[in-house]
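One file, run.txt, is given below (compact mmCIF, C-alpha atoms).
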# COMPACT_ATOMS: atom_id res chain seq x y z
CA MET A 128 0.00 0.00 0.00
CA GLN A 129 1.24 3.48 -0.89
CA TRP A 130 0.44 6.91 0.47
CA GLY A 131 -1.74 9.09 -1.72
CA THR A 132 -0.21 12.17 -3.31
CA GLY A 133 -1.74 14.54 -0.74
CA ALA A 134 -0.41 12.48 2.16
CA LYS A 135 3.07 12.23 0.61
CA VAL A 136 3.26 15.96 -0.05
CA TRP A 137 1.99 16.89 3.42
CA LEU A 138 4.24 14.43 5.26
CA TRP A 139 7.33 15.47 3.27
CA LEU A 140 6.48 19.13 3.87
CA MET A 141 6.18 18.45 7.60
CA LEU A 142 9.48 16.58 7.57
CA VAL A 143 11.31 19.46 5.89
CA VAL A 144 9.69 22.19 7.99
CA ASN A 145 10.36 20.38 11.27
CA ALA A 146 13.95 19.63 10.26
CA LEU A 147 14.46 23.33 9.48
CA SER A 148 12.85 24.21 12.80
CA CYS A 149 15.51 22.07 14.48
CA LEU A 150 18.12 24.33 12.92
CA GLY A 151 16.20 27.38 14.11
CA ALA A 152 16.11 25.98 17.63
CA LEU A 153 19.90 25.74 17.58
CA ALA A 154 20.04 29.52 17.07
CA LEU A 155 17.98 29.97 20.24
CA PHE A 156 20.79 28.54 22.39
CA ALA A 157 22.53 31.92 22.35
CA VAL A 158 19.41 33.77 23.54
CA ILE A 159 17.25 31.47 25.70
CA PRO A 160 18.96 28.11 26.31
CA ALA A 161 16.04 26.56 28.22
CA LEU A 162 13.59 27.34 25.41
CA ALA A 163 16.10 26.07 22.86
CA ILE A 164 16.41 22.71 24.61
CA ILE A 165 12.64 22.26 24.84
CA THR A 166 12.06 23.40 21.27
CA LEU A 167 14.85 21.22 19.88
CA ALA A 168 13.61 18.15 21.75
CA LEU A 169 10.03 18.64 20.53
CA GLU A 170 11.13 19.28 16.94
CA ILE A 171 13.31 16.16 16.93
CA LEU A 172 10.40 14.11 18.28
CA MET A 173 8.15 15.57 15.57
CA VAL A 174 10.69 14.57 12.91
CA VAL A 175 10.75 11.06 14.41
CA GLY A 176 6.94 10.99 14.32
CA VAL A 177 6.83 12.04 10.67
CA VAL A 178 9.49 9.48 9.77
CA LEU A 179 7.52 6.76 11.57
CA LEU A 180 4.41 7.74 9.63
CA LEU A 181 5.99 8.35 6.25
CA PHE A 182 8.44 5.47 6.09
CA GLY A 183 7.42 3.11 8.89
CA ARG A 184 3.67 3.49 8.36
CA ARG A 185 3.12 3.43 12.13
CA LYS A 186 0.21 4.93 14.05
CA LEU A 187 2.74 5.67 16.78
CA GLY A 188 4.11 8.41 14.51
CA TYR A 189 0.74 10.17 14.48
CA TYR A 190 0.34 9.84 18.23
CA LEU A 191 3.84 11.24 18.70
CA LEU A 192 2.97 14.22 16.47
CA CYS A 193 -0.19 14.92 18.47
CA THR A 194 1.64 14.67 21.79
CA CYS A 195 4.40 16.99 20.59
CA ALA A 196 1.85 19.46 19.24
CA VAL A 197 0.17 19.69 22.65
CA LEU A 198 3.51 20.00 24.47
CA ALA A 199 4.66 22.66 21.98
CA MET A 200 1.44 24.57 22.57
CA ILE A 201 2.00 24.52 26.33
CA SER A 202 5.62 25.57 25.87
CA ASN A 203 4.67 28.37 23.47
CA ILE A 204 2.06 29.73 25.86
CA TYR A 205 4.51 29.54 28.77
CA TRP A 206 7.19 31.41 26.80
CA GLY A 207 4.79 34.15 25.74
CA THR A 208 3.50 33.20 22.30
CA ASN A 209 0.03 34.44 21.41
CA ILE A 210 -2.44 31.91 22.84
CA ILE A 211 -4.61 31.85 19.71
CA ARG A 212 -1.58 31.16 17.49
CA ALA A 213 -0.28 28.46 19.85
CA VAL A 214 -3.64 26.68 20.01
CA ALA A 215 -4.25 27.00 16.26
CA THR A 216 -0.85 25.48 15.49
CA ALA A 217 -1.44 22.62 17.92
CA VAL A 218 -4.82 21.84 16.35
CA VAL A 219 -4.20 22.46 12.64
CA MET A 220 -1.11 20.27 12.16
CA PRO A 221 -2.59 17.09 13.70
CA PHE A 222 -5.97 17.73 12.06
CA VAL A 223 -4.56 18.16 8.55
CA THR A 224 -2.31 15.16 9.10
CA TYR A 225 -5.29 13.06 10.11
CA LEU A 226 -7.26 14.23 7.07
CA VAL A 227 -4.52 13.17 4.65
CA ILE A 228 -3.91 9.76 6.29
CA LYS A 229 -7.44 8.82 7.37
CA ASP A 230 -8.14 6.65 4.31
CA GLN A 231 -5.22 4.39 5.20
CA TRP A 232 -5.52 4.59 8.99
CA ASN A 233 -6.64 0.95 9.33
CA ASP A 234 -3.65 -0.22 7.26
CA LEU A 235 -1.11 1.42 9.56
CA ALA A 236 0.73 -0.77 12.05

Write-out of the structure in structure tokens:
Amino acid sequence: MQWGTGAKVWLWLMLVVNALSCLGALALFAVIPALAIITLALEILMVVGVVLLLFGRRKLGYYLLCTCAVLAMISNIYWGTNIIRAVATAVVMPFVTYLVIKDQWNDLA
């Protein structure tokens, strides 16, 4: 079984964006080391989740993405990000991911 085009594009986009966010988190070490550590850890876990979904076809990848999204939302609110933006980000990414993988959900390990 293969991913549909929409799922492939979305998952690859998430992989690239989260990998680039890891690089951005490295720049935070000079300014706010505690935030950088939290951000880097969450971004790495998101990359692992996307890899598990995209290549391993594991539901665990989706659950990891959802968990990281909630933790990132809490971290963003704690560090002063706009609450609406933090909540929207935490909801939109897992929701869109679910929409693009829902047809093959039962086939995932």

Test item: residues at most 12 Å from stretch 222-234 of chain A, only C-alpha atoms, excluding those fewer than 5 positions along its chain, as number ranges by chain = A: 128-142, 176-177, 180-181, 183-190, 192-193, 196, 215-217

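Across the structure, atom CA of A:Leu155 and atom CA of A:Leu167 are spaced 9.3 Å apart.
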
With a distance cut-off of 12 Å and all atoms listed in the file, select the neighbouring residues of A:Ile204, excluding the residue or stretch itself and same-chain residues fewer than 3 positions from it, and output the selection as a PyMOL selection string.
-> chain A and resi 162+197-201+207-217

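Across the model, the gap from atom CA of A:Met220 to atom CA of A:Ile171 is 15.7 Å.
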
Report as AutoDock Vina command-line options the centre and the edge lengths, in Å to one decimal, of the axis-aligned box holding every listed atom of stretch 170-184 of chain A, padded by 8 Å on each side.
--center_x 8.5 --center_y 11.2 --center_z 12.2 --size_x 25.6 --size_y 32.2 --size_z 28.2

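Interatomic distance, atom CA of A:Leu191 to atom CA of A:Val175: 8.1 Å.
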
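Of the listed residues A:Val144, A:Val218, A:Ala152, A:Val158, the one whose atoms come nearest to A:Val174 is A:Val144, with distances taken using only C-alpha atoms.
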
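Nearest-residue note for A:Ala146: choosing from A:Val178, A:Ile159, A:Glu170, A:Ile164, the minimum distance belongs to A:Glu170, counting all atoms listed in the file.
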
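Comparing the minimum interatomic distances between A:Ile165 and each of A:Leu235, A:Val219, A:Leu147, A:Trp206, counting all atoms listed in the file, we find that A:Trp206 sits nearest.
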
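When all atoms listed in the file are used to measure the gap to A:Cys149, the shortest distance among A:Leu179, A:Ala236, A:Met173, A:Ala161 belongs to A:Met173.
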